[in-house]
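Visitor: Mind having a look at this structure? Questions to follow.
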Amino acid sequence: MSVISFPQEFNEDELYVDLRSIFGQSLFLKCEGFNFAGSIKLKAAAQMVEAAERDGQLRPGSVLVESSSGNLGVALSIIAASKGYGFLCVTDSRCNLSTRRMMEALGSQVHIVTEPDAHGGLLGARINYVRAVCASDRRYVWLNQYVNPNNWKAHYRTTAPAIATAFPRLDVLFVGAGTTGTLMGCARFFRQWRRPVRVVAVDAVGSVTFGGEPGRRMIPGLGTSVRPAMLDESYVDEVVRVEEADTIRACHRLARSGFLFGGSTGTVVSGAVGWLAEHDAHELVAVAIAPDLGERYLDTVYQTNWLEDLYGEDVLSPGELTA
């Protein structure tokens with residue numbers, strides 16, 4: 001029996017799904033969505049807040065402010081509510097409606113940026129707004145997930161060791177790239193581990209994280225319009241880029257087997273399955289990290305009209321789903 005006093009004290013860290021029967025590849029999916037925030041972002045949020053409290057940045061009366069496409073915003077909303085801080089989440093129009101409502105239900109304020117910055121896109125516009133808010137009122141505290149080392153340290157200390165314990169003969173790890181906090185924390189840990197592990201970063205087509213051409217991205221979570229400051233490519237062995245249509249098909253194949261995951265998970269799974277197929281890697285021990293669950297994507301990734309308007313009527317045709 002578990003008894004907790006604060007929501008951030010609970011996180012299921014030992015649940016994996018064997019995807020062989022669904023995709024025909026030997027791949028274990030680490031499920032990070034079973035906590036009160038519904039995503040892996042609770043780990044980074046908790047560590048960043050605790051560090052800010054230790055450093056004296058956060059005090060009674062402080063108001064947290066952060067740029068987020070959704071999941072970190074929910075995590076910070078939960079922690080702020082449990083600790084008595086205010087919280088302002090600066091997001092954009094791609095943030096799922098259910099995610100915005102959840103943050104507001106937890107007492108947070110949500111500001112939606114609609115006009116992209118000329119050079120930094122919507123992410124750049126969000127960051128500009130956060131800076132302006134902090135300059136206008138000293139109560140606001142920006143944890144800045146994009147450069148905060150406690151973002152990646154949370155995964156160095158928790159996510160990666162949990163995987164290493166569960167899979168002592170791990171050969172390849174697939175990690176989605178957003179802020180690259182999870183990627184950098186896991187990659188740093190396994191670089192120092194006692195046996196080599198190939199770390200494959202999974203990014204969205206249209207993201208500039210690894211030098212790709214900027215393009216339209218409608219599914220929040222992975223990918224950026226500004227290169228992440230904490231990214232150190234020397235720790236990454238390979239990069240796989242996934243089209244959003246393939247993200248959607250992966251999500252729906254998982255759902256048709258009873259597993260409802262979010263868009264970020266669909267991207268990671270699609271990239272991992274493609275990489276394994278290309279490398280004929282049936283003998284490898286492979287793990288992919290699933291950042292979130294799928295309930296917040298019911299109006300987007302799992303909504304037929306939304307999909308067909310953006311990706312065409314054939315995006316979920318039987319031939320495409322089984323390809």
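Chain identifiers are assigned as A, B, and so on, following the order in which chains appear in the structure tokens; residues are numbered from 1 within each chain, and ligands are numbered from 1 in order of appearance.
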Need the shell around A:Val172: protein/DNA/RNA residues with any atom at most 10 Å away, counting only C-alpha atoms. Skip same-chain ones fewer than 2 positions apart. Format as a list in words?
Guide: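 What passes the distance filter is Leu27, Arg169, Leu170, Phe174, Val175, Pro196, Val197, Arg198, Val199, Val200, Asp237, Ala272, Leu276, Ala281, Leu284, Val285, Ala286, Val287 and Ala288 of chain A.
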Visitor: Please identify the alpha helix (DSSP H) residues within stretch 32-167 of chain A (assignment by DSSP from backbone atoms) and present them as a ChimeraX atom specification.
Guide: /A:41-54,71-83,97-105,121-136,149-154,160-166
Visitor: As a list in words, please: every residue in stretch 256-304 of chain A that DSSP puts in strand (DSSP E).
Guide: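 Matching residues, listed in order: Ala286, Val287, Ala288, Ile289 and Ala290 of chain A.
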Visitor: Kindly export the residues of the current selection with C-alpha atoms, as a PDB file, in the first residue's frame.
Guide:
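Output file part28.pdb is given in full below:
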```pdb
ATOM      1  CA  ALA A 286      15.796  -2.380 -27.097  1.00  0.00           C
ATOM      2  CA  VAL A 287      13.824   0.043 -24.916  1.00  0.00           C
ATOM      3  CA  ALA A 288      11.865   3.151 -25.917  1.00  0.00           C
ATOM      4  CA  ILE A 289      10.562   5.769 -23.487  1.00  0.00           C
ATOM      5  CA  ALA A 290       6.840   6.634 -23.675  1.00  0.00           C
TER       6      ALA A 290
END
```
Visitor: At a cut-off of 9 Å, using only C-alpha atoms, what residues contact A:Gly70? Leave out same-chain residues fewer than 4 positions from it and give the result as a VMD selection string.
Guide: chain A and resid 74 to 75 89 91 94 to 96 99 to 100 103 220 to 221
Visitor: What separation in Å, quoted to one decimal, exists between atom CA of A:Ala51 and atom CA of A:Asn150?
Guide: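 Pair atom CA of A:Ala51 / atom CA of A:Asn150 returns 7.5 Å.
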Visitor: Pick out the residues sitting within 10 Å of stretch 123-138 of chain A, and hand them over as a VMD selection string; count only C-alpha atoms, and ignore anything fewer than 6 positions along from it in its own chain.
Guide: chain A and resid 62 to 69 88 to 92 111 to 117 144 146 224 to 226
Visitor: With a distance cut-off of 12 Å and only C-alpha atoms, select the neighbouring residues of A:Met1, excluding the residue or stretch itself and same-chain residues fewer than 2 positions from it, and output the selection as a PyMOL selection string.
Guide: chain A and resi 3-4+10
Visitor: Go ahead and save the picked residues with all heavy atoms, as a CSV table (one decimal), in the first residue's frame.
Guide:
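See selection.csv below for the written result:
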```csv
chain,number,residue,atom,x,y,z
A,3,VAL,N,0.9,5.4,0.6
A,3,VAL,CA,0.2,6.5,1.2
A,3,VAL,C,1.1,7.7,1.0
A,3,VAL,O,2.3,7.7,1.4
A,3,VAL,CB,0.0,6.3,2.7
A,3,VAL,CG1,-0.7,7.5,3.3
A,3,VAL,CG2,-0.9,5.1,3.0
A,4,ILE,N,0.5,8.8,0.4
A,4,ILE,CA,1.3,9.9,0.0
A,4,ILE,C,0.6,11.2,0.6
A,4,ILE,O,-0.6,11.2,0.8
A,4,ILE,CB,1.6,10.1,-1.5
A,4,ILE,CG1,0.2,10.3,-2.2
A,4,ILE,CG2,2.3,8.9,-2.0
A,4,ILE,CD1,0.4,10.6,-3.7
A,10,PHE,N,4.3,10.3,-6.0
A,10,PHE,CA,3.9,9.0,-6.6
A,10,PHE,C,4.3,9.0,-8.1
A,10,PHE,O,4.0,9.9,-8.8
A,10,PHE,CB,2.4,8.7,-6.5
A,10,PHE,CG,2.0,7.5,-7.3
A,10,PHE,CD1,2.3,6.2,-6.9
A,10,PHE,CD2,1.4,7.7,-8.5
A,10,PHE,CE1,1.9,5.1,-7.6
A,10,PHE,CE2,1.0,6.6,-9.3
A,10,PHE,CZ,1.3,5.3,-8.8
```
Visitor: Could you check the closest approach to A:Asn35 for each of A:Asp292, A:Glu104, A:Glu12, A:Asp299 and tell me which residue wins, using only C-alpha atoms?
Guide: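 Comparing A:Asp292, A:Glu104, A:Glu12, A:Asp299 against A:Asn35, the winner is A:Glu12.
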Visitor: Measuring between only C-alpha atoms, which one of A:Ile78, A:Ala52, A:Leu72, A:Ala187 shows the shortest distance to A:Glu9?
Guide: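 Closest candidate: A:Ile78.
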Visitor: Restrict the calculation to only C-alpha atoms, then for each residue of stretch 126-177 of chain A with any atom at most 9 Å from an atom of stretch 38-44 of chain A give the closest atom pair and their distance in Å to one decimal, rows by chain and rising residue number, as CSV.
Guide:
```
residue,atom,partner,partner_atom,distance
A:Gln145,CA,A:Ala44,CA,8.3
A:Asn150,CA,A:Ala44,CA,6.7
A:Asn151,CA,A:Ala44,CA,4.8
A:Trp152,CA,A:Ala44,CA,7.3
A:Lys153,CA,A:Ala44,CA,7.9
A:Ala154,CA,A:Ala44,CA,5.3
A:His155,CA,A:Lys43,CA,7.4
A:Thr158,CA,A:Lys43,CA,8.1
A:Thr159,CA,A:Lys43,CA,8.7
```
Visitor: Write to file, as an mmCIF file, in the first residue's frame, the residues of the selection just made, with N, CA and C atoms.
Guide:
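Result saved to again.cif:
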```cif
data_model
loop_
_atom_site.group_PDB
_atom_site.id
_atom_site.type_symbol
_atom_site.label_atom_id
_atom_site.label_comp_id
_atom_site.auth_asym_id
_atom_site.auth_seq_id
_atom_site.Cartn_x
_atom_site.Cartn_y
_atom_site.Cartn_z
ATOM 1 N N GLN A 145 12.996 25.569 -18.322
ATOM 2 C CA GLN A 145 13.270 24.160 -18.602
ATOM 3 C C GLN A 145 14.270 23.955 -19.739
ATOM 4 N N ASN A 150 18.751 20.934 -13.910
ATOM 5 C CA ASN A 150 17.954 19.991 -13.135
ATOM 6 C C ASN A 150 16.923 19.268 -13.994
ATOM 7 N N ASN A 151 16.664 19.773 -15.185
ATOM 8 C CA ASN A 151 15.809 19.071 -16.137
ATOM 9 C C ASN A 151 16.447 17.729 -16.489
ATOM 10 N N TRP A 152 17.695 17.754 -16.997
ATOM 11 C CA TRP A 152 18.326 16.485 -17.382
ATOM 12 C C TRP A 152 18.784 15.675 -16.168
ATOM 13 N N LYS A 153 19.134 16.357 -15.081
ATOM 14 C CA LYS A 153 19.588 15.627 -13.892
ATOM 15 C C LYS A 153 18.484 14.745 -13.310
ATOM 16 N N ALA A 154 17.235 15.172 -13.460
ATOM 17 C CA ALA A 154 16.122 14.360 -12.958
ATOM 18 C C ALA A 154 16.127 12.985 -13.617
ATOM 19 N N HIS A 155 16.445 12.916 -14.896
ATOM 20 C CA HIS A 155 16.437 11.643 -15.627
ATOM 21 C C HIS A 155 17.744 10.884 -15.450
ATOM 22 N N THR A 158 16.932 9.223 -12.067
ATOM 23 C CA THR A 158 15.760 8.360 -11.894
ATOM 24 C C THR A 158 15.468 7.491 -13.116
ATOM 25 N N THR A 159 15.191 8.103 -14.260
ATOM 26 C CA THR A 159 14.730 7.353 -15.431
ATOM 27 C C THR A 159 15.776 6.369 -15.928
#
```
